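Structure below is input-v8.txt: compact mmCIF, C-alpha atoms and all ligand atoms.
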# COMPACT_ATOMS: atom_id res chain seq x y z
CA MET A 1 152.74 178.73 197.48
CA THR A 2 156.34 178.68 196.25
CA PRO A 3 157.88 177.64 192.89
CA ALA A 4 159.68 174.78 194.66
CA ALA A 5 156.35 173.22 195.73
CA PRO A 6 155.01 170.21 193.79
CA ILE A 7 152.25 170.12 191.17
CA GLY A 8 149.19 168.31 192.54
CA VAL A 9 147.60 165.86 190.10
CA PHE A 10 144.54 163.76 190.80
CA ASP A 11 142.43 161.20 189.02
CA SER A 12 139.61 158.85 189.91
CA GLY A 13 142.24 156.10 189.93
CA ILE A 14 145.52 155.25 188.32
CA GLY A 15 144.68 156.18 184.71
CA GLY A 16 145.84 159.72 185.44
CA LEU A 17 149.39 158.40 185.45
CA THR A 18 149.26 158.80 181.65
CA VAL A 19 149.03 162.55 182.36
CA VAL A 20 151.92 162.30 184.85
CA ALA A 21 154.01 160.67 182.11
CA GLY A 22 153.23 163.68 179.86
CA LEU A 23 154.15 166.15 182.64
CA ARG A 24 157.46 164.36 183.23
CA ARG A 25 158.32 164.62 179.54
CA VAL A 26 157.60 168.35 179.27
CA LEU A 27 158.46 169.53 182.80
CA PRO A 28 161.33 167.37 184.11
CA ARG A 29 162.20 169.88 186.86
CA GLU A 30 158.75 169.79 188.44
CA ALA A 31 157.98 167.46 191.36
CA ILE A 32 154.58 165.79 191.22
CA LEU A 33 152.20 164.88 193.99
CA TYR A 34 149.72 162.34 192.62
CA LEU A 35 146.47 161.17 194.19
CA GLY A 36 144.43 158.32 192.74
CA ASP A 37 140.98 157.92 194.28
CA THR A 38 141.21 154.16 193.79
CA ALA A 39 138.70 153.39 196.56
CA ARG A 40 135.95 155.28 194.74
CA VAL A 41 136.84 154.65 191.07
CA PRO A 42 135.10 154.71 188.59
CA TYR A 43 133.84 158.29 188.37
CA GLY A 44 132.66 157.75 184.79
CA THR A 45 129.39 156.13 185.81
CA LYS A 46 128.58 158.49 188.72
CA SER A 47 126.39 161.59 188.92
CA SER A 48 127.73 165.07 188.48
CA GLU A 49 127.05 165.96 192.15
CA VAL A 50 128.97 162.98 193.49
CA VAL A 51 131.93 163.52 191.15
CA ARG A 52 132.09 167.17 192.22
CA ARG A 53 132.13 166.20 195.89
CA TYR A 54 134.85 163.56 195.37
CA ALA A 55 136.95 165.95 193.26
CA HIS A 56 136.73 168.60 195.97
CA THR A 57 138.04 166.13 198.59
CA CYS A 58 140.93 165.10 196.32
CA ALA A 59 141.87 168.72 195.61
CA ARG A 60 141.77 169.63 199.30
CA PHE A 61 144.08 166.74 200.15
CA LEU A 62 146.67 167.78 197.56
CA LEU A 63 146.60 171.39 198.73
CA THR A 64 147.02 170.29 202.34
CA GLU A 65 150.10 168.36 201.19
CA GLY A 66 151.51 171.58 199.73
CA ALA A 67 150.62 171.54 196.01
CA LYS A 68 151.19 174.88 194.24
CA MET A 69 148.63 174.17 191.52
CA LEU A 70 146.17 171.43 190.56
CA VAL A 71 145.87 169.28 187.46
CA VAL A 72 142.59 167.42 187.12
CA ALA A 73 143.89 164.45 185.13
CA CYS A 74 140.48 162.74 185.09
CA ASN A 75 138.31 163.66 182.12
CA THR A 76 135.12 162.91 184.05
CA ALA A 77 136.16 165.10 186.98
CA SER A 78 137.27 167.84 184.57
CA ALA A 79 133.86 167.61 182.87
CA HIS A 80 131.85 167.90 186.08
CA ALA A 81 134.00 169.77 188.56
CA LEU A 82 136.56 172.09 186.93
CA GLU A 83 134.68 175.35 187.42
CA PHE A 84 133.63 174.32 190.91
CA LEU A 85 137.26 173.65 191.88
CA ARG A 86 138.41 176.95 190.36
CA ALA A 87 135.77 178.76 192.39
CA SER A 88 136.69 176.84 195.56
CA PHE A 89 140.48 177.18 195.67
CA ALA A 90 142.92 180.03 195.13
CA VAL A 91 145.56 178.04 193.18
CA PRO A 92 145.56 177.63 189.38
CA VAL A 93 143.51 174.60 188.27
CA VAL A 94 144.08 172.95 184.86
CA GLY A 95 141.73 170.33 183.45
CA VAL A 96 142.18 168.00 180.49
CA ILE A 97 139.16 168.89 178.36
CA GLU A 98 140.10 172.33 177.06
CA PRO A 99 143.67 171.31 176.04
CA GLY A 100 142.36 168.17 174.30
CA ALA A 101 139.63 170.09 172.48
CA ALA A 102 142.12 172.78 171.40
CA MET A 103 144.48 170.12 170.05
CA ALA A 104 141.62 168.53 168.07
CA ALA A 105 140.54 171.91 166.71
CA ARG A 106 144.09 172.41 165.39
CA ALA A 107 144.38 168.88 164.03
CA THR A 108 141.19 168.54 161.99
CA ARG A 109 141.38 169.23 158.25
CA ASN A 110 137.80 168.38 157.28
CA ASN A 111 136.06 169.81 160.40
CA ARG A 112 134.66 166.45 161.47
CA ILE A 113 135.77 165.57 164.97
CA GLY A 114 134.98 162.49 167.04
CA VAL A 115 135.16 162.39 170.84
CA ILE A 116 135.19 159.27 172.99
CA GLY A 117 134.97 159.17 176.78
CA THR A 118 133.13 157.78 179.77
CA GLU A 119 129.37 158.07 179.98
CA GLY A 120 129.72 160.95 182.47
CA THR A 121 132.12 162.89 180.25
CA ILE A 122 130.06 162.47 177.09
CA THR A 123 126.66 163.20 178.63
CA SER A 124 128.04 166.29 180.40
CA GLY A 125 128.57 167.83 176.94
CA SER A 126 131.85 169.42 178.08
CA TYR A 127 133.91 168.42 175.03
CA GLN A 128 131.04 169.34 172.73
CA ARG A 129 130.83 172.83 174.30
CA ALA A 130 134.60 173.35 174.21
CA LEU A 131 134.73 172.32 170.54
CA ALA A 132 131.76 174.53 169.65
CA ARG A 133 133.84 177.43 170.96
CA LEU A 134 137.24 176.39 169.58
CA ALA A 135 136.12 174.92 166.26
CA PRO A 136 132.72 176.52 165.55
CA GLU A 137 132.65 175.15 161.99
CA ALA A 138 133.18 171.57 163.08
CA THR A 139 130.66 168.77 163.29
CA VAL A 140 131.27 166.83 166.51
CA ILE A 141 130.27 163.22 167.00
CA ALA A 142 130.58 162.07 170.61
CA LYS A 143 130.36 158.47 171.80
CA SER A 144 130.75 156.98 175.26
CA CYS A 145 132.82 153.79 175.35
CA PRO A 146 132.28 152.42 178.87
CA LEU A 147 133.93 149.05 178.28
CA PHE A 148 137.28 150.59 177.29
CA VAL A 149 138.25 151.38 180.90
CA PRO A 150 138.11 147.77 182.19
CA LEU A 151 139.70 146.47 178.97
CA ALA A 152 142.64 148.85 179.35
CA GLU A 153 143.01 147.99 183.04
CA GLU A 154 143.02 144.28 182.23
CA GLY A 155 145.87 144.90 179.81
CA MET A 156 143.69 143.62 176.94
CA VAL A 157 145.15 146.21 174.63
CA ASP A 158 145.67 143.84 171.74
CA HIS A 159 142.88 141.32 172.15
CA PRO A 160 140.14 140.14 169.76
CA ALA A 161 137.45 141.10 172.31
CA THR A 162 138.78 144.66 172.44
CA ARG A 163 138.87 144.83 168.65
CA LEU A 164 135.27 143.62 168.44
CA ILE A 165 133.98 146.10 171.02
CA ALA A 166 136.01 148.95 169.52
CA THR A 167 134.66 148.19 166.04
CA GLU A 168 131.13 148.51 167.41
CA TYR A 169 131.81 151.74 169.35
CA LEU A 170 133.73 153.43 166.54
CA ALA A 171 131.31 152.65 163.70
CA PRO A 172 129.66 156.13 163.78
CA PHE A 173 133.02 157.80 163.15
CA ALA A 174 133.60 156.03 159.85
CA ALA A 175 130.00 156.81 158.82
CA HIS A 176 130.59 160.54 159.52
CA GLU A 177 134.08 160.52 157.99
CA VAL A 178 135.76 162.12 161.00
CA ASP A 179 139.47 162.80 160.52
CA THR A 180 140.27 163.44 164.20
CA VAL A 181 139.24 161.55 167.34
CA VAL A 182 139.83 162.87 170.86
CA LEU A 183 140.79 160.21 173.41
CA GLY A 184 138.69 161.81 176.15
CA CYS A 185 139.57 159.45 178.96
CA THR A 186 142.75 158.72 180.91
CA HIS A 187 142.68 155.06 179.89
CA TYR A 188 142.27 155.33 176.14
CA PRO A 189 145.86 156.15 175.13
CA LEU A 190 146.71 152.56 176.07
CA LEU A 191 144.26 151.37 173.43
CA SER A 192 145.64 153.70 170.74
CA PRO A 193 147.15 150.97 168.51
CA VAL A 194 143.88 149.04 168.19
CA LEU A 195 141.81 152.22 167.82
CA GLN A 196 144.16 153.47 165.11
CA GLN A 197 143.93 150.14 163.30
CA ILE A 198 140.14 150.28 163.27
CA LEU A 199 139.83 153.96 162.37
CA GLY A 200 142.60 153.85 159.77
CA ASN A 201 145.87 155.75 159.57
CA SER A 202 144.30 158.85 158.06
CA VAL A 203 142.48 159.54 161.34
CA GLU A 204 144.45 161.53 163.91
CA LEU A 205 144.08 160.36 167.52
CA VAL A 206 144.35 163.20 170.01
CA ASP A 207 145.93 162.20 173.31
CA SER A 208 145.62 165.31 175.44
CA ALA A 209 148.42 164.36 177.91
CA SER A 210 151.12 166.33 176.10
CA ALA A 211 148.72 169.23 175.39
CA VAL A 212 147.87 169.33 179.12
CA ALA A 213 151.57 169.44 180.02
CA ILE A 214 152.07 172.47 177.76
CA VAL A 215 149.12 174.28 179.36
CA VAL A 216 150.54 173.44 182.81
CA ARG A 217 153.94 174.84 181.76
CA ASP A 218 152.33 178.07 180.49
CA THR A 219 150.20 178.36 183.65
CA LEU A 220 153.25 177.97 185.90
CA GLU A 221 155.14 180.59 183.90
CA ALA A 222 152.21 183.02 183.94
CA ASN A 223 151.99 182.69 187.74
CA SER A 224 155.77 182.79 188.35
CA LEU A 225 155.56 179.31 189.80
CA SER A 226 157.99 177.32 187.59
CA ALA A 227 160.43 175.29 189.67
CA PRO A 228 164.00 176.58 189.21
CA ARG A 229 165.43 173.11 189.83
CA ARG A 230 164.25 169.67 190.82
CA ALA A 231 163.46 170.09 194.53
CA ALA A 232 161.90 166.75 195.49
CA GLU A 233 160.96 163.30 194.26
CA ASP A 234 157.46 162.59 192.93
CA ARG A 235 155.09 161.22 195.58
CA PHE A 236 152.12 158.94 194.98
CA PHE A 237 149.00 158.54 197.09
CA ALA A 238 145.90 156.40 196.64
CA THR A 239 142.73 155.81 198.63
CA ASP A 240 143.16 152.05 198.15
CA VAL A 241 146.47 150.34 197.43
CA SER A 242 146.15 146.82 196.07
CA GLN A 243 148.45 144.64 193.98
CA ARG A 244 146.19 145.52 191.05
CA VAL A 245 146.71 149.26 191.57
CA LEU A 246 150.49 148.78 191.52
CA ARG A 247 150.42 146.46 188.49
CA VAL A 248 148.10 148.61 186.41
CA GLY A 249 149.85 151.78 187.63
CA ARG A 250 153.15 150.67 186.13
CA ALA A 251 151.47 150.09 182.76
CA PHE A 252 149.87 153.55 182.79
CA LEU A 253 152.98 155.39 183.94
CA GLY A 254 155.17 153.49 181.51
CA ALA A 255 157.80 153.37 184.26
CA GLU A 256 158.45 151.85 187.65
CA LEU A 257 155.98 153.21 190.20
CA ALA A 258 157.59 154.42 193.46
CA ALA A 259 155.91 153.60 196.78
CA VAL A 260 152.19 154.38 196.81
CA ASN A 261 150.99 155.73 200.14
CA LEU A 262 147.53 154.86 201.37
CA VAL A 263 145.37 157.82 202.43
CA ASP A 264 141.92 158.07 203.92
CA LEU A 265 140.18 161.16 202.66
N1 LIG A 301 139.67 158.71 184.86
C1 LIG A 301 138.41 158.54 184.20
C2 LIG A 301 138.32 159.54 183.03
O1 LIG A 301 139.33 160.00 182.51
C3 LIG A 301 138.20 157.12 183.71
C4 LIG A 301 137.96 156.11 184.82
C5 LIG A 301 136.69 156.40 185.60
O2 LIG A 301 135.58 156.18 185.10
O3 LIG A 301 136.82 156.87 186.73
O4 LIG A 301 137.24 159.87 182.63
Spell out the structure here as structure tokens.
Ligand code: DGL
Amino acid sequence: MTPAAPIGVFDSGIGGLTVVAGLRRVLPREAILYLGDTARVPYGTKSSEVVRRYAHTCARFLLTEGAKMLVVACNTASAHALEFLRASFAVPVVGVIEPGAAMAARATRNNRIGVIGTEGTITSGSYQRALARLAPEATVIAKSCPLFVPLAEEGMVDHPATRLIATEYLAPFAAHEVDTVVLGCTHYPLLSPVLQQILGNSVELVDSASAVAIVVRDTLEANSLSAPRRAAEDRFFATDVSQRVLRVGRAFLGAELAAVNLVDL
């Protein structure tokens, strides 16, 4: 494990590239090794046991490729597997739930926080537990929004169907007068404009990508692992590489996606 080694980032698919974009903004000297488990996506509908097993395989691959630390960019995998991964591997492991919950705890003014995510993330109770610790006074309303992932992947970010579905999903938040909503899924930042429109401008949307990048920076510093200079290019791997993966990947990264290498885990 040397400071020049890359940061390993994995997600159930390509949505985790939103987290890569955040890491690039905050840590431009760090090289990233990204794995999208595109052959087995989605994780959001799968059981805790299966997600843990998949996450373990992804983490092992990245460590074999030389990652100095791991970022679990997938909310569902963070919800089910973070502690398991920390117990399994010797490198630092950062998930997305704690940073997102901490950001929401800082943002709320009226102590009413909404959380949206996949079914797996919401039913795991991970955000609810993190918020109970970080914002003990707050009332938390959590809602799974399973249709948001396919809508974001289809690029239907500004579509009447998305607006209709979002209005239905987000109704409880207006009723409970939340002032902060955590986007607890890799895909949701793409839907921010429509979600903001429906919730109103007084509601703060928490996109944990930049909060995660700050935690990664602090973790690298605490472990003397910060890269002194840019040592390598970012590398991308996926368990299935289709035209769709490349097309959607560009949208999530917000930049051109370099070659994606196919791997069999
Ligand atoms: N990456 C997942 C998450 O952030 C969303 C896609 C999936 O269900 O696998 O929860």
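CA of Ile165 in chain A sits 18.6 Å away from CA of Val203 in chain A.
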Sorted by chain and rising residue number, list the residues of range 78-152 of chain A at most 10 Å from range 57-65 of chain A (counting all atoms listed in the file), each with its closest atom pair and distance in Å to one decimal, as CSV.
residue,atom,partner,partner_atom,distance
A:Leu85,CA,A:Ala59,CA,7.7
A:Ser88,CA,A:Arg60,CA,9.6
A:Phe89,CA,A:Arg60,CA,8.5
A:Val91,CA,A:Leu63,CA,8.7
A:Val93,CA,A:Ala59,CA,9.5
Save the residues we just selected, C-alpha atoms, as a compact mmCIF listing (two decimals), in the frame of the given file?
# COMPACT_ATOMS: atom_id res chain seq x y z
CA LEU A 85 137.26 173.65 191.88
CA SER A 88 136.69 176.84 195.56
CA PHE A 89 140.48 177.18 195.67
CA VAL A 91 145.56 178.04 193.18
CA VAL A 93 143.51 174.60 188.27
task = May I ask which of the residues A:Ile116, A:Ala171, A:Ala227, A:Ala209 is the closest one to Val71 in chain A, counting all atoms listed in the file?
result = A:Ala209
Selected residue, from A:Ser78, A:Thr123, A:Gln243, A:Thr2, that lies nearest to ligand LIG 301 (chain A) when counting all atoms listed in the file = A:Ser78
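Between Gly15 in chain A and the candidates A:Val248, A:Val206, A:Leu151, A:Ala79, the tightest atom-to-atom separation, counting all atoms listed in the file, involves A:Val248.
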request  = Kindly provide, as a list of chain:residue names, all nucleotide and amino acid residues lying within 6 Å of ligand LIG 301 (chain A), counting all atoms listed in the file.
outcome  = A:Asp11, A:Ser12, A:Gly15, A:Val41, A:Pro42, A:Tyr43, A:Gly44, A:Cys74, A:Asn75, A:Thr76, A:Thr118, A:Cys185, A:Thr186
request  = Quick one: pull the distance between CA of Val182 in chain A and CA of Arg163 in chain A, Å, one decimal.
outcome  = 18.2 Å
request  = Name all residues at most 9 Å from Met1 in chain A (count all atoms listed in the file; drop same-chain ones fewer than 6 positions away) and give them as number ranges by chain.
outcome  = A: 66-69, 91, 225
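With only C-alpha atoms as the atoms that count, the minimum distance from Pro3 in chain A to the choices A:Arg229, A:Lys143, A:His80, A:Arg86 is reached by A:Arg229.
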